[in-house]
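J.: query_30.txt is reproduced below (compact mmCIF, C-alpha atoms).
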# COMPACT_ATOMS: atom_id res chain seq x y z
CA MET A 8 39.11 114.23 232.89
CA GLY A 9 40.19 110.69 232.00
CA LYS A 10 39.52 107.51 233.91
CA THR A 11 42.28 105.42 235.54
CA ILE A 12 41.77 101.65 235.62
CA ALA A 13 43.95 99.05 237.35
CA VAL A 14 44.10 95.60 235.76
CA PHE A 15 44.70 93.50 238.85
CA ASN A 16 44.85 89.90 240.02
CA GLN A 17 47.45 88.60 242.44
CA LYS A 18 47.61 85.30 240.54
CA GLY A 19 49.99 85.06 237.60
CA GLY A 20 49.06 83.54 234.26
CA VAL A 21 45.47 84.82 234.19
CA GLY A 22 45.77 87.00 231.08
CA LYS A 23 46.40 90.23 232.98
CA THR A 24 49.02 91.71 230.64
CA THR A 25 47.29 90.35 227.52
CA THR A 26 44.12 92.12 228.64
CA THR A 27 45.95 95.34 229.51
CA ILE A 28 47.63 95.54 226.09
CA ASN A 29 44.71 94.46 223.94
CA LEU A 30 41.92 96.29 225.76
CA GLY A 31 44.09 99.42 225.52
CA ALA A 32 44.78 98.83 221.83
CA GLY A 33 41.11 98.08 221.16
CA LEU A 34 40.03 101.33 222.83
CA GLY A 35 42.67 103.15 220.75
CA LYS A 36 41.23 101.68 217.55
CA LEU A 37 37.81 102.94 218.66
CA GLY A 38 39.21 106.48 218.74
CA LYS A 39 40.01 106.81 222.45
CA LYS A 40 43.32 108.24 223.62
CA VAL A 41 44.87 105.64 225.93
CA LEU A 42 47.94 105.56 228.17
CA LEU A 43 49.16 102.24 229.52
CA ILE A 44 51.37 102.40 232.62
CA ASP A 45 53.41 99.29 233.32
CA ILE A 46 53.89 98.99 237.10
CA ASP A 47 54.92 95.33 236.98
CA PRO A 48 58.70 94.83 237.47
CA GLN A 49 58.54 92.02 234.89
CA GLY A 50 57.87 94.68 232.26
CA ASN A 51 55.78 92.37 230.09
CA SER A 52 53.46 95.10 228.82
CA THR A 53 56.54 97.11 227.89
CA SER A 54 58.14 94.37 225.80
CA GLY A 55 54.73 93.22 224.58
CA LEU A 56 54.28 96.60 222.89
CA GLY A 57 57.70 96.55 221.26
CA LEU A 58 59.85 98.60 223.66
CA ASP A 59 63.22 97.39 224.90
CA LYS A 60 62.65 97.67 228.65
CA ASN A 61 66.40 97.87 229.30
CA ASP A 62 67.08 100.53 226.68
CA VAL A 63 64.61 103.38 227.16
CA PRO A 64 65.72 106.68 228.71
CA TYR A 65 62.97 106.87 231.33
CA LEU A 66 60.84 104.33 233.16
CA ILE A 67 58.03 104.46 235.72
CA TYR A 68 60.83 103.93 238.27
CA ASP A 69 62.32 107.33 237.36
CA ILE A 70 58.92 108.99 237.67
CA LEU A 71 58.11 107.47 241.06
CA THR A 72 61.55 108.42 242.41
CA GLN A 73 61.05 111.96 241.02
CA LYS A 74 64.11 111.77 238.79
CA THR A 75 61.93 112.98 235.93
CA THR A 76 58.37 114.18 235.33
CA ILE A 77 55.69 111.82 234.07
CA ASP A 78 55.35 113.44 230.65
CA THR A 79 58.98 112.62 229.75
CA GLY A 80 58.39 108.90 230.39
CA ILE A 81 55.55 108.49 227.86
CA TYR A 82 56.35 106.64 224.63
CA LYS A 83 54.21 106.04 221.56
CA THR A 84 53.56 102.47 220.47
CA SER A 85 52.77 101.00 217.06
CA SER A 86 49.12 100.75 218.14
CA GLU A 87 46.82 103.59 217.18
CA ASN A 88 46.19 106.14 219.98
CA LEU A 89 48.07 103.99 222.52
CA SER A 90 51.10 105.23 224.50
CA ILE A 91 53.00 103.56 227.33
CA ILE A 92 55.14 104.36 230.36
CA PRO A 93 57.57 101.42 230.51
CA SER A 94 58.89 99.36 233.39
CA ASN A 95 61.66 96.87 234.15
CA ASN A 96 62.99 95.00 237.18
CA GLN A 97 64.38 98.20 238.73
CA LEU A 98 60.87 98.57 240.07
CA ALA A 99 61.28 95.54 242.35
CA GLY A 100 64.03 97.39 244.21
CA LEU A 101 61.80 100.44 244.52
CA GLU A 102 59.19 98.37 246.35
CA ILE A 103 61.81 97.65 249.02
CA GLU A 104 62.85 101.32 249.17
CA PHE A 105 59.24 102.41 249.62
CA ALA A 106 58.66 99.80 252.33
CA ARG A 107 61.57 101.26 254.29
CA SER A 108 60.62 104.91 253.80
CA GLY A 109 56.92 104.43 254.52
CA ASP A 110 56.03 107.36 252.26
CA TRP A 111 54.74 105.83 249.04
CA GLU A 112 50.95 105.65 249.05
CA ASN A 113 50.13 108.60 246.80
CA ALA A 114 53.27 108.77 244.62
CA LEU A 115 51.64 107.27 241.53
CA ARG A 116 48.30 109.04 241.98
CA ILE A 117 50.01 112.43 242.24
CA ALA A 118 52.02 111.78 239.06
CA ILE A 119 48.96 110.58 237.12
CA ASP A 120 46.85 113.54 238.22
CA THR A 121 49.14 115.91 236.28
CA ILE A 122 48.34 114.21 232.92
CA LYS A 123 44.94 112.61 233.53
CA LYS A 124 43.12 115.27 231.52
CA ASP A 125 45.16 114.39 228.42
CA TYR A 126 43.75 110.86 228.09
CA ASP A 127 40.38 109.17 227.87
CA PHE A 128 41.70 106.13 229.74
CA ILE A 129 44.84 105.35 231.72
CA ILE A 130 45.29 101.61 232.24
CA LEU A 131 47.68 100.22 234.86
CA ASP A 132 49.24 96.78 234.44
CA CYS A 133 49.68 95.77 238.10
CA PRO A 134 52.08 93.07 239.35
CA PRO A 135 50.70 89.59 240.14
CA SER A 136 51.00 90.19 243.88
CA LEU A 137 49.34 91.98 246.79
CA GLY A 138 52.40 94.15 247.50
CA ILE A 139 53.12 97.86 247.61
CA LEU A 140 53.10 98.39 243.83
CA SER A 141 49.64 96.86 243.41
CA VAL A 142 48.25 98.84 246.34
CA MET A 143 49.78 102.01 244.89
CA GLY A 144 48.04 101.21 241.59
CA LEU A 145 44.69 100.76 243.34
CA ILE A 146 45.11 104.04 245.23
CA ALA A 147 45.73 105.82 241.91
CA SER A 148 42.75 104.23 240.14
CA ASP A 149 39.06 104.96 239.75
CA SER A 150 38.22 101.31 239.14
CA VAL A 151 39.59 97.78 238.80
CA ILE A 152 39.31 95.19 236.03
CA ILE A 153 39.91 91.64 237.29
CA PRO A 154 41.01 89.04 234.72
CA ILE A 155 40.22 85.45 235.68
CA GLN A 156 41.24 82.38 233.71
CA CYS A 157 38.72 79.66 232.87
CA GLU A 158 40.69 76.98 234.68
CA TYR A 159 40.55 74.95 237.85
CA PHE A 160 41.14 77.07 241.00
CA ALA A 161 39.97 80.15 239.06
CA LEU A 162 38.36 81.65 242.17
CA GLU A 163 41.20 80.68 244.50
CA GLY A 164 42.55 83.81 246.19
CA VAL A 165 39.68 86.03 244.99
CA SER A 166 38.50 86.70 248.55
CA GLN A 167 42.02 87.88 249.43
CA LEU A 168 42.01 90.11 246.35
CA PHE A 169 38.74 91.67 247.53
CA GLU A 170 40.15 92.17 251.02
CA THR A 171 42.97 94.20 249.46
CA ILE A 172 40.53 96.28 247.41
CA GLU A 173 38.42 96.88 250.54
CA LEU A 174 41.51 97.85 252.53
CA VAL A 175 42.39 100.43 249.89
CA ARG A 176 38.81 101.73 249.92
CA GLU A 177 38.74 102.13 253.69
CA ASN A 178 42.15 103.76 254.04
CA TYR A 179 43.06 105.59 250.83
CA ASN A 180 40.52 105.57 248.00
CA PRO A 181 36.85 105.38 249.06
CA ASN A 182 35.59 105.76 245.48
CA LEU A 183 37.42 102.71 244.09
CA GLU A 184 35.00 100.43 242.21
CA VAL A 185 35.19 97.04 240.53
CA GLU A 186 34.78 97.92 236.85
CA GLY A 187 34.30 94.35 235.68
CA VAL A 188 35.65 90.81 235.44
CA VAL A 189 37.21 89.49 232.23
CA LEU A 190 37.10 85.74 231.64
CA SER A 191 40.13 84.60 229.66
CA MET A 192 41.62 81.37 228.23
CA PHE A 193 38.15 79.98 227.56
CA ASP A 194 37.96 76.65 225.77
CA GLY A 195 34.38 75.88 224.79
CA ARG A 196 35.28 72.24 224.11
CA THR A 197 35.77 71.53 227.82
CA ASN A 198 33.15 71.19 230.52
CA LEU A 199 35.60 72.78 232.94
CA SER A 200 35.71 76.12 231.10
CA ILE A 201 31.91 76.24 230.91
CA GLN A 202 31.63 75.35 234.61
CA VAL A 203 34.14 78.07 235.59
CA VAL A 204 32.18 80.68 233.63
CA GLU A 205 29.05 79.80 235.61
CA GLU A 206 30.92 79.85 238.93
CA VAL A 207 32.49 83.25 238.22
CA LYS A 208 29.16 84.74 237.11
CA GLU A 209 27.54 83.48 240.29
CA TYR A 210 30.35 84.88 242.47
CA PHE A 211 30.56 88.31 240.83
CA LYS A 212 26.84 88.76 240.08
CA GLY A 213 26.43 91.31 237.27
CA LYS A 214 30.08 92.35 237.07
CA VAL A 215 31.28 89.80 234.47
CA TYR A 216 31.74 91.02 230.89
CA THR A 217 29.75 89.03 228.34
CA SER A 218 32.78 89.19 226.01
CA ILE A 219 34.89 86.14 226.84
CA ILE A 220 38.49 85.77 225.67
CA PRO A 221 39.24 82.34 224.15
CA ARG A 222 42.43 80.35 224.16
CA ASN A 223 44.07 81.54 220.95
CA VAL A 224 47.49 80.79 219.50
CA ARG A 225 47.74 84.18 217.78
CA LEU A 226 47.10 85.95 221.10
CA ALA A 227 49.96 84.01 222.66
CA GLU A 228 52.30 84.79 219.75
CA ALA A 229 51.65 88.55 219.45
CA PRO A 230 53.76 89.76 222.45
CA SER A 231 56.90 88.07 221.11
CA TYR A 232 56.61 90.38 218.09
CA GLY A 233 56.00 93.44 220.28
CA LEU A 234 52.52 93.93 218.82
CA SER A 235 48.94 94.03 220.03
CA ILE A 236 46.69 91.32 218.59
CA PHE A 237 45.16 93.91 216.23
CA ASP A 238 48.52 94.72 214.68
CA TYR A 239 49.65 91.09 214.66
CA ASP A 240 46.53 89.36 213.30
CA SER A 241 43.45 91.55 213.11
CA LYS A 242 41.32 88.72 211.73
CA SER A 243 42.10 86.25 214.53
CA LYS A 244 39.53 85.09 217.07
CA GLY A 245 41.61 86.81 219.76
CA ALA A 246 41.36 90.17 217.96
CA GLU A 247 37.60 89.76 217.49
CA SER A 248 37.15 88.95 221.18
CA TYR A 249 39.20 91.90 222.45
CA MET A 250 37.40 94.29 220.11
CA GLU A 251 34.09 93.00 221.49
CA LEU A 252 35.44 93.59 225.01
CA ALA A 253 36.56 97.14 224.16
CA GLU A 254 33.15 97.91 222.67
CA GLU A 255 31.32 96.44 225.67
CA PHE A 256 33.61 98.34 228.05
CA LEU A 257 32.84 101.64 226.29
CA TYR A 258 29.11 100.92 226.16
CA LEU A 259 29.07 100.40 229.94
CA GLN A 260 30.77 103.78 230.50
CA ASP A 261 27.63 105.62 229.38
Is it possible to express this structure as structure tokens?
T.:
Amino acid sequence: MGKTIAVFNQKGGVGKTTTTINLGAGLGKLGKKVLLIDIDPQGNSTSGLGLDKNDVPYLIYDILTQKTTIDTGIYKTSSENLSIIPSNNQLAGLEIEFARSGDWENALRIAIDTIKKDYDFIILDCPPSLGILSVMGLIASDSVIIPIQCEYFALEGVSQLFETIELVRENYNPNLEVEGVVLSMFDGRTNLSIQVVEEVKEYFKGKVYTSIIPRNVRLAEAPSYGLSIFDYDSKSKGAESYMELAEEFLYLQD
């Protein structure tokens, strides 16, 4: 049985989608079969892996509204062993529909359960919000990876994020765990980045990955070509850092 992991932070611009894509691609290169599910209406993981989010037959929207089964919405990517279920802004409308109907909590979990055995890891790219879609992702997951940027106000909103995780634990998914915290956009030339690393380590005590993702131009460029960092520039510092993260992640699974 595979493991489902939500990549979640309600703040935007923290490296959430970059981590989702490149951790998934790194695990694929290490021989693991990985499915990425884009549950962010912005669809950045979808376009970041080379799919036209407005020109694919089936999206996560169609799966959650039961217009099709989950297996028909899975598409291969150019990255080794990495597939994706795409998303676009249709999903924003679904959040409103679900809010009205009140019957949404387990829709994603039920769909994932039918294919979970086919993958080593299923990674969910959650929206940068504390809304229905993110909660649905947490209900469907075994654990959460929290990306945090090495910038001022890095820990702002983290207590609210933990309140949401605790709410999901108490009401829907008692086994939900924090898998780890990924520090991104690190710039070793600044005292601020170094200070943020220390603050985050102190706050999360033992949950912070030692692999830190640096600010890297090649990482920022890769999504515009629809490629993971490994397919775009495998020798870049960004690729090295995400491979280290994938290896550390796998080591901690044992």
J.: Need the shell around region 131-134 of chain A: protein/DNA/RNA residues with any atom at most 8 Å away, counting all atoms listed in the file. Skip same-chain ones fewer than 5 positions apart. Format as a ChimeraX atom specification?
T.: /A:11-17,23-24,27,43-49,52,140-141,144
J.: For a quick check of understanding, using all atoms listed in the file, which of A:Arg196, A:Lys212, A:Lys123, A:Arg176 has the smallest distance to Lys40 (chain A)?
T.: A:Lys123
J.: What's the 10 Å shell around Ile70 (chain A), counting only C-alpha atoms, without same-chain residues fewer than 4 positions away, as a ChimeraX atom specification?
T.: /A:65-66,74-80,92,114-115,118
J.: From the options A:Leu30, A:Leu259, A:Asp194, A:Tyr68, which residue's atoms come nearest to Glu104 (chain A), counting all atoms listed in the file?
T.: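 Using all atoms listed in the file, the shortest distance to Glu104 (chain A) belongs to A:Tyr68.
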J.: Rounded to one decimal in Å, what is the spacing between CA of Glu87 (chain A) and CA of Gly31 (chain A)?
T.: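 Distance reported for this atom pair: 9.7 Å.
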J.: Identify the residues within 10 Å of coordinate (55.8, 104.5, 223.0) (same frame as the file), considering all atoms listed in the file, and give the answer as a PyMOL selection string.
T.: chain A and resi 42-43+53+56-58+63+80-86+89-93
J.: Point out the residue among A:Phe128, A:Phe193, A:Tyr179, A:Tyr249 with the least atom-to-atom distance to Tyr159 (chain A), counting all atoms listed in the file.
T.: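 Of A:Phe128, A:Phe193, A:Tyr179, A:Tyr249, the one nearest Tyr159 (chain A), counting all atoms listed in the file, is A:Phe193.
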J.: Find, counting all atoms listed in the file, the residue in A:Glu209, A:Gly35, A:Thr25, A:Ile172 that gets nearest to Arg225 (chain A).
T.: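 Smallest distance to Arg225 (chain A) is found for A:Thr25.
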J.: Take CA of Ala32 (chain A) and CA of Gly20 (chain A) and report the distance between them in Å, one decimal.
T.: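 Computed distance, CA of Ala32 (chain A) to CA of Gly20 (chain A), equals 20.2 Å.
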J.: Figure out the distance between CA of Asp238 (chain A) and CA of Gly55 (chain A), please, to one decimal in Å.
T.: 11.8 Å
J.: Here is a test: counting all atoms listed in the file, which residue of A:Val175, A:Ile139, A:Asp127, A:Ala253 is nearest to Gly109 (chain A)?
T.: A:Ile139
